[in-house]
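> Please read through the structure below; I'll follow up with questions.
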Protein chains: 2
Amino acid sequence: MTTAIEAGSASERELVLTRVIDAPREKVFRAWTDPDLLKQWFAPLPYTTPVAELDVRPGGANLIVMRGPDGNDMPNRGVYLEVLENERLVFTDAYIKAWEPSQKPFMTVILTFEDEGGKTRYTARVRHWTAADREAHEKMGFHEGWGRCADQLASLVAKL
Amino acid sequence: MTTAIEAGSASERELVLTRVIDAPREKVFRAWTDPDLLKQWFAPLPYTTPVAELDVRPGGANLIVMRGPDGNDMPNRGVYLEVLENERLVFTDAYIKAWEPSQKPFMTVILTFEDEGGKTRYTARVRHWTAADREAHEKMGFHEGWGRCADQLASLVAKL
């Protein structure tokens with residue numbers, strides 16, 4: 001998907017997390033698209049995810065609320081751009097519904113779920129509109145945060 | 001589609017052009033989706049449109065080049081978000097292809113084609129991420145420019 005030509009400027013605005021999860025990709029995809037499952041792993045503990053409304057189709061909106069240990073809620077709204085069952089899921093916070101621009105287009109998340117002999121190569125590419133936003137996201141703890149959530153996701157799907 | 005609730009802040013970021021075109025909506029839709037037709041009306045004369053590459057499907061990219069009377073080319077890149085044949089076409093310049101963020105997410109264009117007794121109610125809603133961008137677009141001559149192009153579009157489809 002990513003070509004050498006675009007790698008230059010695009011990679012400056014992208015953060016990537018990838019790992020192999022010991023579960024078939026159907027389960028990993030489900031953990032992202034079934035609200036009851038997503039609530040169990042989405043926020044890095046001790047944060048929780050009390051609300052997940054997921055209209056999983058191109059143009060469908062999502063609302064995911066993370067709750068901090070202090071009780072503060074952080075709502076995240078977005079719209080799905082592409083849905084390929086068990087293979088690929090793309091969404092962005094540039095819209096809060098189809099097609100109402102958000103206050104701040106920050107990122108586009110491209111998730112891929114690839115079969116690797118019954119396990120899943122799970123890759124999250126997070127693309128930003130500016131290099132500054134990418135850097136801010138990294139400093140907010142992208143790698144640690146998404147990494148811990150991926151651990152939680154892996155633990156959950158192992159039990160499914 | 002637009003509700004009273006969202007009208008407040010959303011309308012501050014939106015520009016709208018609407019008119020009735022004396023042709024069935026299939027033809028008006030075609031004028032937007034057939035490259036050979038689009039080239040004939042898209043730029044307000046004496047500007048021309050030498051290039052139109054239109055991959056009309058959700059996630060498909062478009063490239064439309066306008067050429068000024070001085071010979072300067074202005075390329076416009078975008079991605080289609082929603083395609084409902086003869087009814088609705090949505091695209092944005094927030095991406096240059098699926099799903100590579102553009103340098104500057106400026107607008108989302110929502111075109112609707114409604115049947116009115118064999119004629120077409122043609123409406124273009126152009127939504128911006130900021131009120132400042134909406135204002136800049138208006139000062140660039142949105143109403144006159146899109147209005148003249150709509151005239152050219154109407155003349156073309158009358159001959160189809």
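Letters for chains follow the order of the structure tokens (A, B, ...), residue numbers begin at 1 for each chain, and ligand numbers begin at 1 in the order shown.
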Using only C-alpha atoms, which protein or nucleic acid residues come within 9 Å of B:Ala124? Drop anything in the same chain fewer than 4 positions from it, and give the result as a PyMOL selection string.

chain B and resi 15-18+109-112+146

> Tell me, as a PyMOL selection string, which residues lie within 10 Å of B:Arg19, counting only C-alpha atoms; anything in the same chain fewer than 5 positions away does not count.

chain B and resi 120-124+147+150-151+154

> Could you tell me which residues of chain B sit within 9 Å of chain A when counting only C-alpha atoms, and give me the result as an NGL selection string?

:B and (6 or 10 or 13 or 58-59 or 81-82 or 90 or 94 or 98-105 or 107-108 or 110 or 127-130)

> I need the chosen residues saved as a compact mmCIF listing (two decimals), in the first residue's frame, with C-alpha atoms.


# COMPACT_ATOMS: atom_id res chain seq x y z
CA GLU B 6 -26.15 21.22 13.92
CA ALA B 10 -21.99 23.81 11.07
CA ARG B 13 -18.52 26.65 8.11
CA PRO B 58 -15.88 5.49 -2.23
CA GLY B 59 -12.16 5.79 -1.62
CA LEU B 81 -16.35 9.53 0.28
CA GLU B 82 -19.83 8.57 -0.91
CA VAL B 90 -19.42 13.46 -1.73
CA ALA B 94 -8.56 16.16 3.02
CA ALA B 98 -7.20 6.57 0.14
CA TRP B 99 -6.06 7.31 2.82
CA GLU B 100 -3.17 9.70 2.53
CA PRO B 101 -3.83 13.03 4.28
CA SER B 102 -3.42 16.09 2.07
CA GLN B 103 -1.26 19.04 3.03
CA LYS B 104 -4.36 21.00 4.02
CA PRO B 105 -7.87 19.67 4.63
CA MET B 107 -13.35 21.35 2.24
CA THR B 108 -15.86 18.55 1.84
CA ILE B 110 -21.72 17.27 -0.74
CA ARG B 127 -18.24 22.37 4.29
CA HIS B 128 -15.00 23.63 5.75
CA TRP B 129 -13.11 22.68 8.89
CA THR B 130 -12.95 26.26 10.10
